[in-house]
Amino acid sequence: MDVTRFGHAAVLVEVAGARILLDPGNFSTAATFELTDLDAIVVTHQHPDHLDRERVGPLLAANPSARLLAEPETAATLEGWESTAGDATYEIGGATLTGVGSRHAEILPTIPRVGNVGMLVTAPGEPTLFHPGDTYEYRPEDVDILALPLSAPWAKLSETVEFARAIAPRTAFPIHDCTVSEAGYGIYWMQLQNHAGIDDLQRLPQDGALNL
């Protein structure tokens, strides 16, 4: 499995002959929207840092055969996209995507919670990757690689650590980290190193990559 970050929450997973892009949002790098030969594009929820509606058009045009998957509230606003759901599976080449959860984390009690369906990516003989979108609420079992949201208006560091410990992956790397200042990033990362209990914690930059 090859995993490449494309800024903030955007992650390209290449496994079992499939190229799967998750969450191409407005904090994603320009290179995100120049990708080709994608087999699926997946959006966990409607917020613009996970779906850049202004830049996604050329990406879709360059990948006319890609399967387009989004959580139901998002899919309802997009033409040609399929709705995802918790526990539903989607076959993409030799890989299987499985939806996880149904709702976004609470930002404030006065802000309605939108839909959020995270994704497990699996393939025979390969590690299992989990991209949760924007929530720590749902904790699937047997996750090998965790795309770990590092900071958000809905999160605090103690919750990040507790979520990482509950998932207990072999490997984790940060996503959702464009909201952290350069000065503050090391504070978050040090606490994860000291308390998350993850042996292989990879501090990938916005364009970093892993081969697992």
# chains A, B, ... in the order shown; residues from 1 in each chain; ligands from 1

$ residues_around --residues "A:Thr32" --least-positions-apart "4" --cutoff "10 Å" --atoms "only C-alpha atoms" --output "JSON, numbers by chain"
{"A": [5, 6, 7, 10, 11, 12, 21, 23, 24, 25, 28, 36, 55, 56, 59, 207]}

$ residues_around --residues "A:Ala123" --least-positions-apart "5" --cutoff "8 Å" --atoms "only C-alpha atoms" --output "PyMOL selection string"
chain A and resi 15-16+94-96+128

$ residues_around --residues "A:Ser65" --least-positions-apart "6" --cutoff "9 Å" --atoms "only C-alpha atoms" --output "VMD selection string"
chain A and resid 37 to 40

$ closest_atom_pairs --of "stretch 93-133 of chain A" --to "stretch 66-75 of chain A" --cutoff "10 Å" --atoms "only C-alpha atoms" --output "Markdown table"
| residue | atom | partner | partner_atom | distance |
| --- | --- | --- | --- | --- |
| A:Gly99 | CA | A:Glu71 | CA | 8.9 |
| A:Gly101 | CA | A:Glu71 | CA | 10.0 |
| A:Ser102 | CA | A:Glu71 | CA | 8.0 |
| A:Arg103 | CA | A:Glu71 | CA | 9.3 |
| A:Val114 | CA | A:Glu73 | CA | 7.6 |
| A:Gly115 | CA | A:Glu73 | CA | 6.2 |
| A:Asn116 | CA | A:Glu71 | CA | 6.1 |
| A:Val117 | CA | A:Glu71 | CA | 5.6 |
| A:Gly118 | CA | A:Glu71 | CA | 8.6 |

$ closest_residue --among "A:Ala18, A:Val43, A:Ala196, A:Leu108" --to "A:Pro132" --atoms "only C-alpha atoms"
A:Val43

$ closest_residue --among "A:Leu120, A:Ala147, A:Pro109, A:Ala155" --to "A:Ala88" --atoms "only C-alpha atoms"
A:Leu120

$ closest_residue --among "A:Asn211, A:Asp49, A:Glu14, A:Ile187" --to "A:Ile175" --atoms "only C-alpha atoms"
A:Asp49

$ closest_residue --among "A:Asp134, A:Asp2, A:Glu34, A:Glu162" --to "A:His195" --atoms "only C-alpha atoms"
A:Glu162

$ select_by_dssp --residues "stretch 112-179 of chain A" --states "strand (DSSP E)" --output "JSON, numbers by chain"
{"A": [118, 119, 120, 121, 122, 129, 130, 131, 145, 146, 147, 148, 149, 171, 172, 173, 174, 175]}

$ write_last_selection --atoms "N, CA, C and O atoms" --output "PDB file, in the first residue's frame"
ATOM      1  N   GLY A 118     -16.687   8.132   7.449  1.00  0.00           N
ATOM      2  CA  GLY A 118     -15.283   7.814   7.249  1.00  0.00           C
ATOM      3  C   GLY A 118     -15.129   6.580   6.371  1.00  0.00           C
ATOM      4  O   GLY A 118     -16.116   5.943   5.988  1.00  0.00           O
ATOM      5  N   MET A 119     -13.882   6.230   6.048  1.00  0.00           N
ATOM      6  CA  MET A 119     -13.639   5.109   5.154  1.00  0.00           C
ATOM      7  C   MET A 119     -12.504   4.225   5.638  1.00  0.00           C
ATOM      8  O   MET A 119     -11.418   4.709   6.003  1.00  0.00           O
ATOM      9  N   LEU A 120     -12.766   2.925   5.641  1.00  0.00           N
ATOM     10  CA  LEU A 120     -11.735   1.902   5.745  1.00  0.00           C
ATOM     11  C   LEU A 120     -11.351   1.469   4.340  1.00  0.00           C
ATOM     12  O   LEU A 120     -12.231   1.267   3.490  1.00  0.00           O
ATOM     13  N   VAL A 121     -10.059   1.327   4.086  1.00  0.00           N
ATOM     14  CA  VAL A 121      -9.564   0.826   2.799  1.00  0.00           C
ATOM     15  C   VAL A 121      -8.835  -0.473   3.072  1.00  0.00           C
ATOM     16  O   VAL A 121      -7.853  -0.492   3.837  1.00  0.00           O
ATOM     17  N   THR A 122      -9.307  -1.558   2.462  1.00  0.00           N
ATOM     18  CA  THR A 122      -8.717  -2.868   2.677  1.00  0.00           C
ATOM     19  C   THR A 122      -8.488  -3.573   1.344  1.00  0.00           C
ATOM     20  O   THR A 122      -9.122  -3.255   0.336  1.00  0.00           O
ATOM     21  N   LEU A 129      -6.334   0.690   6.155  1.00  0.00           N
ATOM     22  CA  LEU A 129      -6.202   2.117   6.443  1.00  0.00           C
ATOM     23  C   LEU A 129      -7.559   2.693   6.814  1.00  0.00           C
ATOM     24  O   LEU A 129      -8.577   2.342   6.212  1.00  0.00           O
ATOM     25  N   PHE A 130      -7.565   3.595   7.794  1.00  0.00           N
ATOM     26  CA  PHE A 130      -8.799   4.263   8.222  1.00  0.00           C
ATOM     27  C   PHE A 130      -8.631   5.771   8.120  1.00  0.00           C
ATOM     28  O   PHE A 130      -7.717   6.350   8.712  1.00  0.00           O
ATOM     29  N   HIS A 131      -9.525   6.392   7.357  1.00  0.00           N
ATOM     30  CA  HIS A 131      -9.630   7.853   7.272  1.00  0.00           C
ATOM     31  C   HIS A 131     -10.972   8.217   7.899  1.00  0.00           C
ATOM     32  O   HIS A 131     -12.021   7.934   7.333  1.00  0.00           O
ATOM     33  N   ILE A 145      -3.302   1.295   9.747  1.00  0.00           N
ATOM     34  CA  ILE A 145      -2.795   2.629   9.427  1.00  0.00           C
ATOM     35  C   ILE A 145      -3.909   3.631   9.697  1.00  0.00           C
ATOM     36  O   ILE A 145      -5.006   3.526   9.140  1.00  0.00           O
ATOM     37  N   LEU A 146      -3.641   4.610  10.524  1.00  0.00           N
ATOM     38  CA  LEU A 146      -4.636   5.618  10.874  1.00  0.00           C
ATOM     39  C   LEU A 146      -4.231   6.974  10.326  1.00  0.00           C
ATOM     40  O   LEU A 146      -3.137   7.470  10.607  1.00  0.00           O
ATOM     41  N   ALA A 147      -5.108   7.565   9.516  1.00  0.00           N
ATOM     42  CA  ALA A 147      -4.983   8.968   9.131  1.00  0.00           C
ATOM     43  C   ALA A 147      -5.602   9.763  10.275  1.00  0.00           C
ATOM     44  O   ALA A 147      -6.824   9.787  10.436  1.00  0.00           O
ATOM     45  N   LEU A 148      -4.774  10.378  11.090  1.00  0.00           N
ATOM     46  CA  LEU A 148      -5.195  10.918  12.385  1.00  0.00           C
ATOM     47  C   LEU A 148      -5.434  12.426  12.315  1.00  0.00           C
ATOM     48  O   LEU A 148      -4.485  13.201  12.157  1.00  0.00           O
ATOM     49  N   PRO A 149      -6.685  12.885  12.441  1.00  0.00           N
ATOM     50  CA  PRO A 149      -6.936  14.328  12.505  1.00  0.00           C
ATOM     51  C   PRO A 149      -6.223  14.929  13.711  1.00  0.00           C
ATOM     52  O   PRO A 149      -6.444  14.512  14.845  1.00  0.00           O
ATOM     53  N   THR A 171       0.609   2.004  12.585  1.00  0.00           N
ATOM     54  CA  THR A 171       1.184   3.218  11.998  1.00  0.00           C
ATOM     55  C   THR A 171       0.128   4.311  11.995  1.00  0.00           C
ATOM     56  O   THR A 171      -1.058   4.039  11.748  1.00  0.00           O
ATOM     57  N   ALA A 172       0.534   5.541  12.238  1.00  0.00           N
ATOM     58  CA  ALA A 172      -0.381   6.680  12.106  1.00  0.00           C
ATOM     59  C   ALA A 172       0.379   7.856  11.513  1.00  0.00           C
ATOM     60  O   ALA A 172       1.591   8.000  11.698  1.00  0.00           O
ATOM     61  N   PHE A 173      -0.345   8.680  10.772  1.00  0.00           N
ATOM     62  CA  PHE A 173       0.221   9.900  10.222  1.00  0.00           C
ATOM     63  C   PHE A 173      -0.825  11.003  10.344  1.00  0.00           C
ATOM     64  O   PHE A 173      -2.027  10.730  10.426  1.00  0.00           O
ATOM     65  N   PRO A 174      -0.412  12.273  10.379  1.00  0.00           N
ATOM     66  CA  PRO A 174      -1.359  13.347  10.619  1.00  0.00           C
ATOM     67  C   PRO A 174      -2.140  13.744   9.375  1.00  0.00           C
ATOM     68  O   PRO A 174      -1.617  13.731   8.253  1.00  0.00           O
ATOM     69  N   ILE A 175      -3.393  14.075   9.580  1.00  0.00           N
ATOM     70  CA  ILE A 175      -4.192  14.805   8.608  1.00  0.00           C
ATOM     71  C   ILE A 175      -4.873  15.941   9.376  1.00  0.00           C
ATOM     72  O   ILE A 175      -4.732  16.066  10.586  1.00  0.00           O
TER      73      ILE A 175
END

$ select_by_dssp --residues "chain A" --states "alpha helix (DSSP H)" --output "NGL selection string"
:A and (56-62 or 72-75 or 157-167 or 182-195)

$ write_last_selection --atoms "C-alpha atoms" --output "short mmCIF file (atom, residue, chain, number, x, y, z; two decimals), in the first residue's frame"
data_model
loop_
_atom_site.label_atom_id
_atom_site.label_comp_id
_atom_site.auth_asym_id
_atom_site.auth_seq_id
_atom_site.Cartn_x
_atom_site.Cartn_y
_atom_site.Cartn_z
CA VAL A 56 -12.95 19.75 -8.15
CA GLY A 57 -14.39 20.17 -11.66
CA PRO A 58 -11.11 19.72 -13.56
CA LEU A 59 -10.24 16.75 -11.33
CA LEU A 60 -13.50 15.03 -12.28
CA ALA A 61 -13.00 15.86 -15.95
CA ALA A 62 -9.51 14.33 -15.86
CA PRO A 72 -25.48 11.33 1.74
CA GLU A 73 -25.91 15.04 2.52
CA THR A 74 -22.98 15.87 0.27
CA ALA A 75 -23.97 13.48 -2.52
CA LEU A 157 -5.58 17.24 22.27
CA SER A 158 -6.75 14.88 25.01
CA GLU A 159 -9.44 13.57 22.64
CA THR A 160 -6.89 13.14 19.85
CA VAL A 161 -4.69 11.03 22.09
CA GLU A 162 -7.61 9.01 23.46
CA PHE A 163 -8.86 8.30 19.91
CA ALA A 164 -5.41 7.20 18.77
CA ARG A 165 -5.09 4.87 21.77
CA ALA A 166 -8.56 3.42 21.15
CA ILE A 167 -7.85 2.67 17.48
CA GLU A 182 4.21 26.08 12.74
CA ALA A 183 5.12 27.18 16.26
CA GLY A 184 2.47 25.00 17.86
CA TYR A 185 2.80 21.86 15.74
CA GLY A 186 5.63 20.43 17.79
CA ILE A 187 3.56 20.68 20.97
CA TYR A 188 0.80 18.54 19.48
CA TRP A 189 3.27 16.07 18.04
CA MET A 190 5.27 15.70 21.25
CA GLN A 191 2.14 14.80 23.20
CA LEU A 192 1.19 12.19 20.62
CA GLN A 193 4.68 10.71 20.75
CA ASN A 194 4.58 10.57 24.53
CA HIS A 195 1.02 9.40 25.10
#

$ atom_distance --atom1 "atom CA of A:Val13" --atom2 "atom CA of A:Pro153"
26.3 Å

$ closest_residue --among "A:His104, A:Thr110, A:Glu54, A:Asp199" --to "A:Ala168" --atoms "only C-alpha atoms"
A:Asp199
